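J.: Okay, so here is query-v3.tsv, and as you'll see once you scroll down, it has TSV, C-alpha atoms.
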```tsv
chain	number	residue	atom	x	y	z
R	1	MET	CA	113.68	219.19	104.06
R	2	ASP	CA	112.42	216.26	106.15
R	3	LEU	CA	115.40	215.72	108.41
R	4	GLU	CA	114.10	216.48	111.86
R	5	PHE	CA	116.11	215.63	114.94
R	6	ASP	CA	114.15	212.84	116.65
R	7	LEU	CA	115.94	209.91	118.28
R	8	GLY	CA	112.66	208.08	118.79
R	9	ARG	CA	111.91	207.17	115.17
R	10	GLY	CA	113.84	203.91	115.03
R	11	PRO	CA	116.49	203.38	112.32
R	12	GLN	CA	115.51	206.60	110.53
R	13	SER	CA	116.60	208.54	113.62
R	14	PHE	CA	120.17	207.48	112.85
R	15	GLY	CA	120.07	206.77	109.11
R	16	HIS	CA	121.23	210.24	108.10
R	17	ARG	CA	124.53	209.44	109.82
R	18	PHE	CA	125.44	207.01	107.03
R	19	LEU	CA	126.71	206.96	103.47
R	20	ILE	CA	125.90	203.62	101.88
R	21	GLY	CA	127.65	201.86	99.05
R	22	LEU	CA	125.17	200.08	96.79
R	23	GLN	CA	125.39	196.44	95.84
R	24	GLN	CA	127.64	195.74	92.86
R	25	SER	CA	125.09	196.28	90.13
R	26	PRO	CA	123.91	199.15	87.91
R	27	VAL	CA	120.34	198.31	88.99
R	28	LEU	CA	118.96	198.95	92.46
R	29	GLY	CA	118.32	195.54	94.03
R	30	ASP	CA	115.93	194.48	96.77
R	31	HIS	CA	118.61	194.66	99.48
R	32	ASP	CA	119.44	198.26	98.64
R	33	LYS	CA	115.80	199.26	98.24
R	34	LYS	CA	114.96	197.97	101.70
R	35	LEU	CA	117.99	199.54	103.35
R	36	LEU	CA	117.54	202.93	101.66
R	37	SER	CA	113.85	203.14	102.60
R	38	THR	CA	114.47	201.88	106.15
R	39	LEU	CA	117.38	204.19	106.93
R	40	ARG	CA	116.91	207.14	104.59
R	41	PRO	CA	120.67	207.75	104.67
R	42	ALA	CA	122.44	211.00	103.90
R	43	GLY	CA	123.61	209.56	100.62
R	44	VAL	CA	125.16	206.82	98.55
R	45	VAL	CA	128.61	206.00	97.19
R	46	LEU	CA	128.95	204.56	93.68
R	47	PHE	CA	131.68	202.24	92.43
R	48	ARG	CA	132.55	201.01	88.94
R	49	ALA	CA	130.13	198.10	89.15
R	50	ASN	CA	127.25	200.55	89.57
R	51	PHE	CA	127.74	201.68	85.97
R	52	LEU	CA	126.64	199.67	82.95
R	53	ALA	CA	130.16	198.80	81.80
R	54	ASN	CA	130.98	198.09	78.14
R	55	ALA	CA	127.79	199.78	76.96
R	56	PRO	CA	127.57	202.79	74.60
R	57	TYR	CA	127.61	206.19	76.29
R	58	ASP	CA	123.92	206.95	75.83
R	59	GLU	CA	122.93	203.51	77.08
R	60	TRP	CA	124.98	203.54	80.28
R	61	LEU	CA	124.05	207.17	80.90
R	62	ALA	CA	120.33	206.33	80.78
R	63	SER	CA	120.92	203.41	83.14
R	64	HIS	CA	122.84	205.68	85.50
R	65	ALA	CA	120.08	208.32	85.48
R	66	LYS	CA	117.53	205.63	86.37
R	67	LEU	CA	119.70	204.37	89.23
R	68	LEU	CA	119.98	207.83	90.79
R	69	ALA	CA	116.26	208.46	90.38
R	70	ASP	CA	115.53	205.18	92.13
R	71	VAL	CA	117.92	206.03	94.96
R	72	ARG	CA	116.07	209.28	95.60
R	73	ASP	CA	112.69	207.57	95.38
R	74	TYR	CA	113.58	204.95	97.99
R	75	ILE	CA	115.25	207.44	100.31
R	76	GLY	CA	112.17	209.61	99.91
R	77	ARG	CA	114.08	212.88	99.92
R	78	ASP	CA	115.39	215.14	97.18
R	79	GLU	CA	118.39	216.22	99.24
R	80	VAL	CA	120.82	213.31	98.84
R	81	LEU	CA	124.61	213.18	98.69
R	82	ILE	CA	125.59	211.35	95.50
R	83	CYS	CA	129.23	210.47	96.12
R	84	ILE	CA	132.11	208.97	94.19
R	85	ASP	CA	135.88	208.50	94.43
R	86	HIS	CA	137.19	210.19	91.31
R	87	GLU	CA	140.88	211.04	91.70
R	88	GLY	CA	142.37	209.87	88.44
R	89	GLY	CA	144.67	206.94	87.78
R	90	GLY	CA	143.25	203.68	89.13
R	91	VAL	CA	140.67	205.51	91.22
R	92	LEU	CA	138.24	206.03	88.39
R	93	ARG	CA	134.71	204.60	88.32
R	94	PRO	CA	132.66	205.78	85.30
R	95	PRO	CA	133.20	204.21	81.85
R	96	ALA	CA	134.30	205.99	78.68
R	97	PRO	CA	134.00	208.70	77.52
R	98	ILE	CA	134.65	210.09	81.03
R	99	THR	CA	138.19	211.46	80.90
R	100	PRO	CA	140.71	208.99	82.41
R	101	PHE	CA	143.18	211.44	83.91
R	102	ALA	CA	146.39	209.97	85.30
R	103	TYR	CA	147.14	209.93	89.03
R	104	ALA	CA	147.49	213.33	90.74
R	105	ARG	CA	151.29	213.03	90.86
R	106	GLU	CA	151.30	213.51	87.05
R	107	TRP	CA	149.47	216.83	86.90
R	108	PRO	CA	150.16	219.19	89.84
R	109	ALA	CA	150.76	222.08	87.44
R	110	GLN	CA	147.37	221.44	85.81
R	111	ALA	CA	145.46	220.75	89.04
R	112	GLY	CA	143.03	223.63	88.61
R	113	ALA	CA	142.19	222.69	85.03
R	114	VAL	CA	141.74	219.03	85.98
R	115	GLY	CA	139.58	219.98	88.95
R	116	ARG	CA	137.33	222.03	86.70
R	117	ALA	CA	137.09	219.26	84.10
R	118	MET	CA	136.28	216.63	86.71
R	119	GLY	CA	133.69	218.97	88.20
R	120	VAL	CA	131.99	219.45	84.84
R	121	GLU	CA	131.93	215.73	84.07
R	122	LEU	CA	130.79	214.64	87.53
R	123	ARG	CA	128.11	217.33	87.65
R	124	HIS	CA	126.67	216.04	84.40
R	125	LEU	CA	126.60	212.57	85.96
R	126	GLY	CA	124.54	213.85	88.87
R	127	PHE	CA	127.29	213.71	91.49
R	128	ASN	CA	127.54	216.43	94.10
R	129	VAL	CA	130.39	215.01	96.23
R	130	ASN	CA	133.80	213.74	95.12
R	131	PHE	CA	136.09	212.16	97.70
R	132	ALA	CA	139.09	214.19	96.57
R	133	PRO	CA	141.66	215.73	96.67
R	134	VAL	CA	144.19	213.46	98.37
R	135	LEU	CA	146.15	215.53	100.90
R	136	ASP	CA	148.37	212.71	102.12
R	137	VAL	CA	152.06	213.58	101.84
R	138	ASN	CA	153.78	210.67	100.11
R	139	SER	CA	156.77	210.67	102.43
R	140	ASN	CA	157.28	206.89	102.46
R	141	PRO	CA	158.41	205.47	99.08
R	142	ALA	CA	157.21	202.03	100.18
R	143	ASN	CA	153.66	203.24	100.80
R	144	PRO	CA	151.35	200.69	99.12
R	145	VAL	CA	148.12	202.70	99.20
R	146	ILE	CA	148.94	206.37	98.48
R	147	GLY	CA	151.98	206.60	96.18
R	148	PRO	CA	151.03	208.38	92.93
R	149	ARG	CA	147.63	209.37	94.33
R	150	SER	CA	149.48	212.11	96.24
R	151	PHE	CA	150.50	215.38	94.61
R	152	GLY	CA	153.96	215.21	96.18
R	153	THR	CA	156.39	214.32	98.92
R	154	THR	CA	156.21	217.51	101.02
R	155	PRO	CA	153.29	219.44	102.54
R	156	GLU	CA	154.03	222.39	100.26
R	157	ALA	CA	154.05	220.22	97.14
R	158	VAL	CA	150.66	218.78	98.11
R	159	ALA	CA	148.75	221.78	99.47
R	160	ALA	CA	149.07	224.24	96.57
R	161	PRO	CA	147.81	222.00	93.72
R	162	ALA	CA	145.19	220.43	95.98
R	163	ARG	CA	143.79	223.89	96.72
R	164	HIS	CA	143.60	224.74	93.01
R	165	PHE	CA	141.92	221.41	92.34
R	166	LEU	CA	139.36	221.77	95.13
R	167	ASP	CA	138.39	225.35	94.35
R	168	ALA	CA	137.99	224.65	90.63
R	169	MET	CA	135.92	221.51	91.14
R	170	GLN	CA	133.66	223.16	93.70
R	171	ALA	CA	133.14	226.12	91.37
R	172	GLU	CA	131.50	223.61	89.02
R	173	GLY	CA	129.05	222.45	91.71
R	174	VAL	CA	130.77	219.33	93.05
R	175	LEU	CA	131.83	219.41	96.70
R	176	GLY	CA	135.26	218.06	97.46
R	177	CYS	CA	136.26	215.97	100.44
R	178	PRO	CA	139.97	216.25	101.30
R	179	LYS	CA	141.40	213.00	102.63
R	180	HIS	CA	142.73	211.03	104.51
R	181	PHE	CA	143.02	212.96	107.79
R	182	PRO	CA	145.43	213.04	109.59
R	183	GLY	CA	147.65	211.75	106.76
R	184	HIS	CA	148.22	208.31	105.27
R	185	GLY	CA	151.47	209.02	103.45
R	186	ASP	CA	154.01	207.49	105.85
R	187	THR	CA	152.39	204.07	106.14
R	188	GLY	CA	153.86	200.80	104.90
R	189	VAL	CA	150.55	198.91	105.08
R	190	ASP	CA	147.36	199.24	103.01
R	191	SER	CA	144.41	200.02	105.31
R	192	HIS	CA	142.08	198.25	102.91
R	193	TYR	CA	143.62	195.01	104.19
R	194	SER	CA	145.10	195.72	107.65
R	195	LEU	CA	145.60	198.51	110.17
R	196	PRO	CA	148.64	200.76	109.49
R	197	VAL	CA	150.63	202.39	112.27
R	198	ILE	CA	152.60	205.63	111.92
R	199	ASP	CA	155.34	205.91	114.53
R	200	VAL	CA	156.66	209.47	114.32
R	201	ASP	CA	157.10	212.06	117.04
R	202	PRO	CA	154.27	214.59	117.50
R	203	ASP	CA	156.36	217.47	116.13
R	204	THR	CA	157.13	215.65	112.85
R	205	PHE	CA	153.49	214.56	112.65
R	206	ARG	CA	152.28	218.16	112.83
R	207	LYS	CA	154.92	219.65	110.53
R	208	ARG	CA	154.51	216.98	107.83
R	209	GLU	CA	151.11	215.24	107.91
R	210	ILE	CA	148.94	217.88	109.59
R	211	GLU	CA	150.52	220.82	107.75
R	212	ALA	CA	149.12	219.68	104.40
R	213	PHE	CA	145.58	219.79	105.84
R	214	ARG	CA	145.88	223.03	107.79
R	215	THR	CA	144.78	225.49	105.10
R	216	PHE	CA	141.79	223.33	104.14
R	217	THR	CA	139.98	223.68	107.46
R	218	ASP	CA	138.15	226.88	106.54
R	219	ALA	CA	134.52	227.25	105.48
R	220	ARG	CA	135.30	226.37	101.86
R	221	THR	CA	135.80	222.74	102.87
R	222	ARG	CA	132.46	221.15	103.72
R	223	LEU	CA	133.72	217.58	104.24
R	224	PHE	CA	136.86	215.88	105.51
R	225	MET	CA	137.54	212.14	105.32
R	226	THR	CA	139.32	210.23	108.07
R	227	ALA	CA	142.10	207.66	107.77
R	228	HIS	CA	142.06	204.21	109.36
R	229	ILE	CA	145.56	204.61	110.76
R	230	VAL	CA	147.08	204.64	114.23
R	231	VAL	CA	149.42	207.50	115.08
R	232	SER	CA	151.13	205.76	117.95
R	233	GLN	CA	152.74	208.78	119.59
R	234	VAL	CA	149.56	210.87	119.42
R	235	ASP	CA	146.81	208.42	120.42
R	236	PRO	CA	148.37	204.98	121.01
R	237	GLY	CA	146.43	202.01	119.66
R	238	ILE	CA	143.38	204.01	118.51
R	239	PRO	CA	142.66	204.34	114.76
R	240	ALA	CA	142.17	207.97	113.74
R	241	THR	CA	138.58	207.24	112.70
R	242	MET	CA	137.87	206.33	116.34
R	243	SER	CA	140.19	208.88	117.95
R	244	ARG	CA	138.72	211.82	119.82
R	245	VAL	CA	142.24	213.19	120.19
R	246	ILE	CA	142.72	213.34	116.41
R	247	LEU	CA	139.23	214.24	115.19
R	248	ASN	CA	137.97	216.43	118.01
R	249	ASP	CA	141.02	217.84	119.77
R	250	ILE	CA	143.24	218.32	116.70
R	251	LEU	CA	140.94	218.67	113.67
R	252	ARG	CA	138.15	220.62	115.33
R	253	GLY	CA	139.97	222.16	118.31
R	254	GLU	CA	143.50	222.91	117.11
R	255	LEU	CA	142.70	223.46	113.41
R	256	GLY	CA	139.24	224.98	113.89
R	257	TYR	CA	137.38	222.82	111.39
R	258	LYS	CA	133.59	223.20	111.65
R	259	GLY	CA	132.36	221.08	108.74
R	260	VAL	CA	131.30	217.47	108.33
R	261	VAL	CA	133.68	214.60	109.09
R	262	VAL	CA	133.10	211.43	107.05
R	263	THR	CA	134.84	208.18	107.81
R	264	ASP	CA	136.78	206.21	105.27
R	265	ASP	CA	134.92	203.02	104.37
R	266	LEU	CA	134.22	201.13	107.59
R	267	GLY	CA	134.10	197.90	105.65
R	268	MET	CA	137.85	198.04	105.05
R	269	ALA	CA	139.83	195.41	106.91
R	270	ALA	CA	141.73	197.98	108.98
R	271	ILE	CA	138.60	198.51	111.04
R	272	SER	CA	135.83	196.12	109.93
R	273	SER	CA	136.90	193.37	112.35
R	274	LYS	CA	136.13	195.76	115.19
R	275	LEU	CA	132.59	196.61	114.08
R	276	ASP	CA	131.01	193.74	116.00
R	277	GLN	CA	132.16	195.41	119.21
R	278	PRO	CA	129.67	198.07	120.40
R	279	GLU	CA	132.48	200.30	121.64
R	280	THR	CA	133.81	200.69	118.08
R	281	THR	CA	130.68	202.43	116.82
R	282	GLN	CA	130.44	204.41	120.03
R	283	ARG	CA	134.07	205.54	119.79
R	284	ILE	CA	133.54	206.65	116.18
R	285	VAL	CA	130.55	208.77	117.22
R	286	ASN	CA	132.28	210.19	120.29
R	287	ALA	CA	135.40	210.98	118.28
R	288	GLY	CA	133.39	213.40	116.15
R	289	ALA	CA	132.61	211.54	112.91
R	290	ASP	CA	129.35	212.80	111.42
R	291	LEU	CA	128.92	210.50	108.41
R	292	LEU	CA	129.79	206.81	108.68
R	293	CYS	CA	130.67	205.32	105.31
R	294	MET	CA	129.84	201.65	104.73
R	295	CYS	CA	130.23	200.34	101.19
R	296	ALA	CA	129.02	197.07	99.76
R	297	TYR	CA	132.32	196.57	97.95
R	298	TRP	CA	133.97	195.71	101.26
R	299	ALA	CA	131.17	194.71	103.62
R	300	ASP	CA	127.57	193.67	104.11
R	301	THR	CA	125.81	197.01	104.45
R	302	SER	CA	123.11	195.45	106.63
R	303	ARG	CA	125.71	195.68	109.42
R	304	ILE	CA	124.61	199.30	109.66
R	305	LEU	CA	121.49	198.13	111.51
R	306	ARG	CA	123.66	196.55	114.21
R	307	MET	CA	125.67	199.75	114.46
R	308	ILE	CA	122.44	201.63	115.06
R	309	ASP	CA	121.62	199.17	117.83
R	310	PHE	CA	124.99	200.02	119.38
R	311	MET	CA	124.21	203.74	119.12
R	312	GLN	CA	120.87	203.24	120.84
R	313	ALA	CA	122.52	201.19	123.58
R	314	GLY	CA	125.13	203.91	124.05
R	315	LEU	CA	122.45	206.55	124.45
R	316	LYS	CA	120.64	204.36	126.98
R	317	ASP	CA	123.66	203.68	129.19
R	318	GLY	CA	125.18	207.15	128.86
R	319	THR	CA	128.20	206.17	126.77
R	320	LEU	CA	126.82	208.48	124.08
R	321	LYS	CA	125.21	211.85	124.73
R	322	GLU	CA	122.15	213.20	122.96
R	323	GLU	CA	123.96	216.52	122.49
R	324	THR	CA	126.61	214.72	120.41
R	325	PHE	CA	123.90	213.49	118.04
R	326	ARG	CA	122.18	216.88	117.95
R	327	THR	CA	125.38	218.72	117.00
R	328	SER	CA	126.23	216.19	114.32
R	329	HIS	CA	122.66	216.27	113.01
R	330	GLU	CA	122.91	220.02	112.55
R	331	ARG	CA	126.12	219.69	110.55
R	332	VAL	CA	124.70	216.98	108.29
R	333	ALA	CA	121.39	218.81	107.81
R	334	ALA	CA	123.23	221.98	106.79
R	335	LEU	CA	125.33	220.04	104.31
R	336	LEU	CA	122.30	218.35	102.76
R	337	ALA	CA	120.49	221.67	102.49
R	338	ASP	CA	123.44	223.29	100.74
R	339	ALA	CA	124.59	220.43	98.51
R	340	PRO	CA	123.64	221.15	94.89
R	341	ARG	CA	121.40	218.81	92.96
R	342	HIS	CA	122.34	217.98	89.37
R	343	ASP	CA	120.38	216.21	86.67
R	344	VAL	CA	122.15	213.60	84.57
R	345	LYS	CA	122.93	215.10	81.16
R	346	ARG	CA	124.95	214.16	78.13
R	347	LEU	CA	128.18	216.01	77.39
R	348	GLY	CA	129.32	216.52	73.82
R	349	GLU	CA	132.38	214.90	72.29
R	350	GLN	CA	134.11	218.26	71.94
R	351	THR	CA	134.06	218.76	75.73
R	352	TYR	CA	135.74	215.40	76.30
R	353	GLU	CA	138.32	216.16	73.61
R	354	GLN	CA	139.15	219.46	75.31
R	355	HIS	CA	139.44	217.77	78.70
R	356	ALA	CA	141.71	215.04	77.35
R	357	ALA	CA	144.19	217.70	76.22
R	358	LEU	CA	144.52	219.25	79.68
R	359	ALA	CA	146.77	216.77	81.47
R	360	PRO	CA	148.34	213.32	81.20
R	361	LEU	CA	145.88	210.47	80.80
R	362	ARG	CA	145.95	206.88	82.03
R	363	PRO	CA	145.27	204.31	79.31
R	364	ARG	CA	141.96	202.59	79.84
R	365	ALA	CA	142.23	198.85	80.29
R	366	PRO	CA	139.37	196.75	78.90
R	367	VAL	CA	136.65	196.33	81.54
R	368	PRO	CA	135.56	192.70	82.09
R	369	ALA	CA	131.82	192.17	82.25
R	370	ASN	CA	131.96	191.42	85.98
R	371	ALA	CA	134.52	194.11	86.91
R	372	THR	CA	134.07	195.82	90.26
R	373	GLY	CA	136.87	198.32	89.82
R	374	ALA	CA	139.61	199.49	92.11
R	375	ALA	CA	138.00	200.18	95.46
R	376	LYS	CA	140.44	202.57	97.02
R	377	ILE	CA	138.79	205.43	98.90
```
Would you mind writing the file out in structure tokens?
T.:
Amino acid sequence: MDLEFDLGRGPQSFGHRFLIGLQQSPVLGDHDKKLLSTLRPAGVVLFRANFLANAPYDEWLASHAKLLADVRDYIGRDEVLICIDHEGGGVLRPPAPITPFAYAREWPAQAGAVGRAMGVELRHLGFNVNFAPVLDVNSNPANPVIGPRSFGTTPEAVAAPARHFLDAMQAEGVLGCPKHFPGHGDTGVDSHYSLPVIDVDPDTFRKREIEAFRTFTDARTRLFMTAHIVVSQVDPGIPATMSRVILNDILRGELGYKGVVVTDDLGMAAISSKLDQPETTQRIVNAGADLLCMCAYWADTSRILRMIDFMQAGLKDGTLKEETFRTSHERVAALLADAPRHDVKRLGEQTYEQHAALAPLRPRAPVPANATGAAKI
């Protein structure tokens, strides 16, 4: 695999640190082609607009296969993370006949069966990473961003079904990515639009939020996703995505996690306004994030080039250390080497019928021709 550690190769030296959301089209456009070939990122993230909506199954499937082939061609590497948010409920990207399971709150008892079904369907769509399960404990009834996406209102109610879901999905060849560390469930603000703050004492924070994540920090979990939230009594004023206390000291040190850390979408309003400040990118790197996620749904992905400038400046003035990049490079390279590759294949109607009988479904609303889909990550 051509992923050598060399900080002297320009943008490609840093490109593998990114997951890129494509422009809102089922066809790879000039902007994406240029960015993919310039950066050669670790992978891409697809949203609803990247599928040929309102087309027959065979037609949109052929379009999807072409899109993934083009992505690999322009990255110039077979080892690519093909990522999606596929939780159920409103967080559902592919068109019919992909099974529209309800939100996780509706099927904790069937979590293993749903995880297997999602794994089968995503594998046949060529995906090898799903940003799920949600491990946030829905402890705040007024939470506007988690709610029914969570399995429950206590760490115990969340952890058991999430484990069944993750193990079953990964057994089908799709890597999971538990989220949103260190726990988004007690917020009253949606981080897609502003920066939430959790103001609980450290003991409550560990016993409630952190506890749900604790058993997922073993070798079976290859990726963890961060939350754009401030835990004011743990690291005041610093979003978790930028917090060395939360990502390095707690996640890696206290919990012993050794896998890849991926940020939630940096284009979200909770953090995007800070991206023009060099210290934001540098803090994210120093905190311990390995993959920086920037999706076109929320932001201009060309901003990645400025972030790379900030990384280079940090290396030059000593704010960032080469060893930090080397360690992260090794984690990402290992993940890319191990991530399975799946061809896009058609599934039969009988399989979808069987999956639909497993758990509650969410009725599919008609998809407008210009729909971009719910963009929660």
J.: Got a sec: who's within 10 Å of segment 96-100 of chain R, counting all atoms listed in the file, leaving out chain neighbours fewer than 6 positions off, as a ChimeraX atom specification?
T.: /R:53-57,60,86-90,114,117-118,121-122,125,347-349,351-357,359-364
J.: To test the calculation: enclose all listed atoms of segment 131-134 of chain R in a box whose edges run along x, y and z, add 4 Å on each side, then state centre and edge lengths in Å to one decimal, as AutoDock Vina command-line options.
T.:
```
--center_x 140.1 --center_y 213.9 --center_z 97.5 --size_x 16.1 --size_y 11.6 --size_z 9.8
```
J.: What does the structure give for the distance between atom CA of Ala69 of chain R and atom CA of Ala337 of chain R, in Å to one decimal?
T.: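 Between atom CA of Ala69 of chain R and atom CA of Ala337 of chain R the gap works out to 18.4 Å.
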J.: Distance atom CA of Val71 of chain R-atom CA of Ala334 of chain R, one decimal place?
T.: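 Interatomic distance, atom CA of Val71 of chain R to atom CA of Ala334 of chain R: 20.6 Å.
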J.: My list of candidates is R:Pro239, R:Gly126, R:Gly8, R:Pro95. Which is closest to Glu322 of chain R when distances are computed with all atoms listed in the file?
T.: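 Ranking R:Pro239, R:Gly126, R:Gly8, R:Pro95 by distance to Glu322 of chain R, first place goes to R:Gly8.
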J.: So what do you get for atom CA of Leu223 of chain R versus atom CA of Phe14 of chain R, distance-wise?
T.: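 According to the coordinates, atom CA of Leu223 of chain R and atom CA of Phe14 of chain R are separated by 19.0 Å.
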J.: For a quick check of understanding, using all atoms listed in the file, which of R:His164, R:His228, R:Arg77, R:Arg244 has the smallest distance to Ala269 of chain R?
T.: R:His228
J.: I'd like the neighbourhood of Leu336 of chain R as number ranges by chain, where a residue qualifies if any of its atoms comes within 7 Å (using only C-alpha atoms), though same-chain residues fewer than 6 positions away should be ignored.
T.: R: 79-81
J.: Which is closest to Gln12 of chain R among R:Leu67, R:Leu36, R:Val27, R:Ala227, if we use all atoms listed in the file?
T.: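 Closest candidate: R:Leu36.
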J.: Which of these residues is nearest to Phe47 of chain R, using all atoms listed in the file: R:Arg93, R:Arg220, R:Lys345, R:His180?
T.: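 The answer is R:Arg93, which sits nearest to Phe47 of chain R.
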J.: For Val234 of chain R, which residue out of R:Tyr297, R:Tyr257, R:Phe205, R:Phe213 is the nearest one, using all atoms listed in the file?
T.: R:Phe205
J.: Taking only C-alpha atoms into account, which of R:Trp298, R:Phe181, R:Phe216, R:Phe224 comes nearest Ala240 of chain R?
T.: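 Residue with the minimum atom-to-atom distance to Ala240 of chain R: R:Phe181.
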